file query-v3.txt (compact mmCIF, C-alpha atoms)
# COMPACT_ATOMS: atom_id res chain seq x y z
CA MET A 50 86.42 167.31 309.22
CA PRO A 51 82.82 166.99 307.94
CA ARG A 52 83.71 163.80 306.05
CA LEU A 53 84.82 162.02 309.22
CA GLY A 54 81.30 160.77 310.05
CA PRO A 55 80.55 159.09 306.72
CA LYS A 56 84.05 157.59 306.62
CA ALA A 57 83.58 156.14 310.10
CA LEU A 58 80.17 154.66 309.24
CA PHE A 59 81.52 153.20 306.01
CA ALA A 60 84.43 151.64 307.91
CA ILE A 61 82.07 150.11 310.48
CA PHE A 62 79.85 148.64 307.76
CA THR A 63 82.72 147.20 305.74
CA LEU A 64 84.76 145.92 308.68
CA GLY A 65 84.94 142.18 308.13
CA GLY A 66 82.01 142.19 305.73
CA SER A 67 83.54 139.69 303.33
CA ARG A 68 83.54 136.89 305.93
CA ARG A 69 79.84 137.10 306.79
CA GLN A 70 76.90 136.09 304.68
CA ARG A 71 74.17 137.28 307.06
CA PRO A 72 73.87 140.86 308.35
CA ASN A 73 75.04 141.48 311.90
CA TRP A 74 71.76 142.56 313.49
CA ASN A 75 73.39 143.56 316.77
CA ARG A 76 75.57 146.09 314.97
CA ILE A 77 72.65 147.37 312.87
CA ILE A 78 70.42 147.84 315.92
CA LEU A 79 73.23 149.52 317.86
CA MET A 80 73.95 151.98 315.06
CA ALA A 81 70.25 152.74 314.57
CA SER A 82 69.74 153.41 318.28
CA VAL A 83 72.81 155.66 318.38
CA ALA A 84 71.50 157.58 315.36
CA VAL A 85 68.07 158.01 316.99
CA THR A 86 69.66 159.15 320.25
CA ILE A 87 71.84 161.71 318.48
CA GLY A 88 68.80 162.92 316.54
CA LEU A 89 66.74 163.35 319.69
CA ILE A 90 69.58 165.26 321.37
CA ALA A 91 69.88 167.50 318.31
CA ILE A 92 66.12 168.20 318.32
CA TYR A 93 66.22 168.97 322.04
CA LEU A 94 69.16 171.35 321.66
CA TYR A 95 67.50 173.03 318.68
CA GLY A 96 64.32 173.51 320.69
CA LYS A 97 66.22 174.97 323.62
CA ASP A 98 68.18 177.26 321.32
CA SER A 99 65.15 178.57 319.45
CA LEU A 100 63.02 178.90 322.65
CA ARG A 101 60.00 177.28 321.00
CA TRP A 102 59.52 174.71 323.76
call {"tool": "encode", "arguments": {"input": "query-v3.txt", "output": "structure tokens"}}
result
Amino acid sequence: MPRLGPKALFAIFTLGGSRRQRPNWNRIILMASVAVTIGLIAIYLYGKDSLRW
């Protein structure tokens, strides 16, 4: 189960990569914003759990 995340990201990056020469900036920005959102949620939950906030 822990390897599901990297496999999914690798599949998203390689999906149709051979047809394109330029990077798909919409996909890169979307994945970066999702990663930042998940990170902020994790920090918030950690703060609530440890009662430091």
call {"tool": "atom_distance", "arguments": {"input": "query-v3.txt", "atom1": "CA of Ala81 in chain A", "atom2": "CA of Thr63 in chain A"}}
result
16.3 Å
call {"tool": "closest_residue", "arguments": {"input": "query-v3.txt", "among": "A:Leu100, A:Pro55, A:Tyr93, A:Phe62", "to": "Arg76 in chain A", "atoms": "all atoms listed in the file"}}
result
A:Phe62
call {"tool": "closest_residue", "arguments": {"input": "query-v3.txt", "among": "A:Gly96, A:Ile90, A:Met80, A:Asn75", "to": "Ile61 in chain A", "atoms": "only C-alpha atoms"}}
result
A:Met80
call {"tool": "atom_distance", "arguments": {"input": "query-v3.txt", "atom1": "CA of Ala60 in chain A", "atom2": "CA of Leu94 in chain A"}}
result
28.5 Å
call {"tool": "build_atoms", "arguments": {"input": "query-v3.txt", "residues": "range 69-80 of chain A", "atoms": "all heavy atoms", "output": "compact mmCIF listing (two decimals), in the coordinates of the input"}}
result
# COMPACT_ATOMS: atom_id res chain seq x y z
N ARG A 69 81.21 137.41 306.35
CA ARG A 69 79.84 137.10 306.79
C ARG A 69 78.90 137.06 305.61
O ARG A 69 78.99 137.85 304.69
CB ARG A 69 79.35 138.17 307.76
CG ARG A 69 80.09 138.19 309.06
CD ARG A 69 79.36 139.10 310.04
NE ARG A 69 80.17 139.26 311.22
CZ ARG A 69 80.75 140.39 311.57
NH1 ARG A 69 80.58 141.46 310.84
NH2 ARG A 69 81.47 140.47 312.66
N GLN A 70 77.96 136.15 305.69
CA GLN A 70 76.90 136.09 304.68
C GLN A 70 75.64 136.80 305.17
O GLN A 70 74.95 137.41 304.41
CB GLN A 70 76.57 134.63 304.35
CG GLN A 70 77.71 133.89 303.70
CD GLN A 70 78.06 134.47 302.34
OE1 GLN A 70 77.20 135.02 301.66
NE2 GLN A 70 79.31 134.36 301.96
N ARG A 71 75.36 136.67 306.48
CA ARG A 71 74.17 137.28 307.06
C ARG A 71 74.54 138.64 307.67
O ARG A 71 75.65 138.83 308.13
CB ARG A 71 73.60 136.39 308.16
CG ARG A 71 73.12 135.06 307.63
CD ARG A 71 72.52 134.24 308.74
NE ARG A 71 73.47 134.09 309.84
CZ ARG A 71 73.13 133.89 311.10
NH1 ARG A 71 71.88 133.79 311.42
NH2 ARG A 71 74.05 133.75 312.02
N PRO A 72 73.58 139.57 307.71
CA PRO A 72 73.87 140.86 308.35
C PRO A 72 74.01 140.70 309.86
O PRO A 72 73.35 139.85 310.48
CB PRO A 72 72.66 141.72 308.00
CG PRO A 72 71.59 140.77 307.64
CD PRO A 72 72.25 139.53 307.12
N ASN A 73 74.85 141.48 310.45
CA ASN A 73 75.04 141.48 311.90
C ASN A 73 73.97 142.39 312.51
O ASN A 73 74.12 143.61 312.53
CB ASN A 73 76.45 141.97 312.23
CG ASN A 73 76.76 141.80 313.70
OD1 ASN A 73 75.90 141.45 314.49
ND2 ASN A 73 78.00 142.05 314.06
N TRP A 74 72.89 141.78 313.00
CA TRP A 74 71.76 142.56 313.49
C TRP A 74 72.09 143.33 314.75
O TRP A 74 71.53 144.40 314.98
CB TRP A 74 70.55 141.66 313.70
CG TRP A 74 69.98 141.20 312.40
CD1 TRP A 74 70.05 139.95 311.87
CD2 TRP A 74 69.30 142.00 311.44
NE1 TRP A 74 69.45 139.93 310.64
CE2 TRP A 74 68.98 141.17 310.34
CE3 TRP A 74 68.95 143.35 311.39
CZ2 TRP A 74 68.32 141.65 309.22
CZ3 TRP A 74 68.27 143.82 310.27
CH2 TRP A 74 67.96 142.98 309.21
N ASN A 75 72.99 142.81 315.56
CA ASN A 75 73.39 143.56 316.77
C ASN A 75 74.03 144.88 316.40
O ASN A 75 73.74 145.91 317.00
CB ASN A 75 74.36 142.73 317.61
CG ASN A 75 73.69 141.56 318.27
OD1 ASN A 75 72.48 141.57 318.48
ND2 ASN A 75 74.47 140.54 318.58
N ARG A 76 74.89 144.86 315.40
CA ARG A 76 75.57 146.09 314.97
C ARG A 76 74.58 147.05 314.32
O ARG A 76 74.63 148.26 314.55
CB ARG A 76 76.69 145.77 313.99
CG ARG A 76 77.47 146.99 313.58
CD ARG A 76 78.62 146.64 312.70
NE ARG A 76 79.62 145.94 313.50
CZ ARG A 76 80.66 145.33 312.99
NH1 ARG A 76 80.83 145.29 311.70
NH2 ARG A 76 81.54 144.73 313.76
N ILE A 77 73.64 146.52 313.53
CA ILE A 77 72.65 147.37 312.87
C ILE A 77 71.74 148.05 313.89
O ILE A 77 71.47 149.25 313.82
CB ILE A 77 71.83 146.54 311.86
CG1 ILE A 77 72.72 146.11 310.70
CG2 ILE A 77 70.62 147.32 311.36
CD1 ILE A 77 72.09 145.10 309.78
N ILE A 78 71.29 147.28 314.88
CA ILE A 78 70.42 147.84 315.92
C ILE A 78 71.18 148.86 316.77
O ILE A 78 70.64 149.92 317.11
CB ILE A 78 69.83 146.71 316.79
CG1 ILE A 78 68.84 145.89 315.96
CG2 ILE A 78 69.16 147.26 318.03
CD1 ILE A 78 68.38 144.63 316.62
N LEU A 79 72.43 148.57 317.08
CA LEU A 79 73.23 149.52 317.86
C LEU A 79 73.42 150.82 317.10
O LEU A 79 73.24 151.91 317.68
CB LEU A 79 74.60 148.90 318.18
CG LEU A 79 75.58 149.80 318.91
CD1 LEU A 79 75.07 150.10 320.32
CD2 LEU A 79 76.95 149.17 318.96
N MET A 80 73.74 150.75 315.83
CA MET A 80 73.95 151.98 315.06
C MET A 80 72.66 152.75 314.87
O MET A 80 72.66 153.99 314.93
CB MET A 80 74.58 151.64 313.71
CG MET A 80 76.02 151.21 313.85
SD MET A 80 76.82 150.63 312.37
CE MET A 80 76.32 151.80 311.16
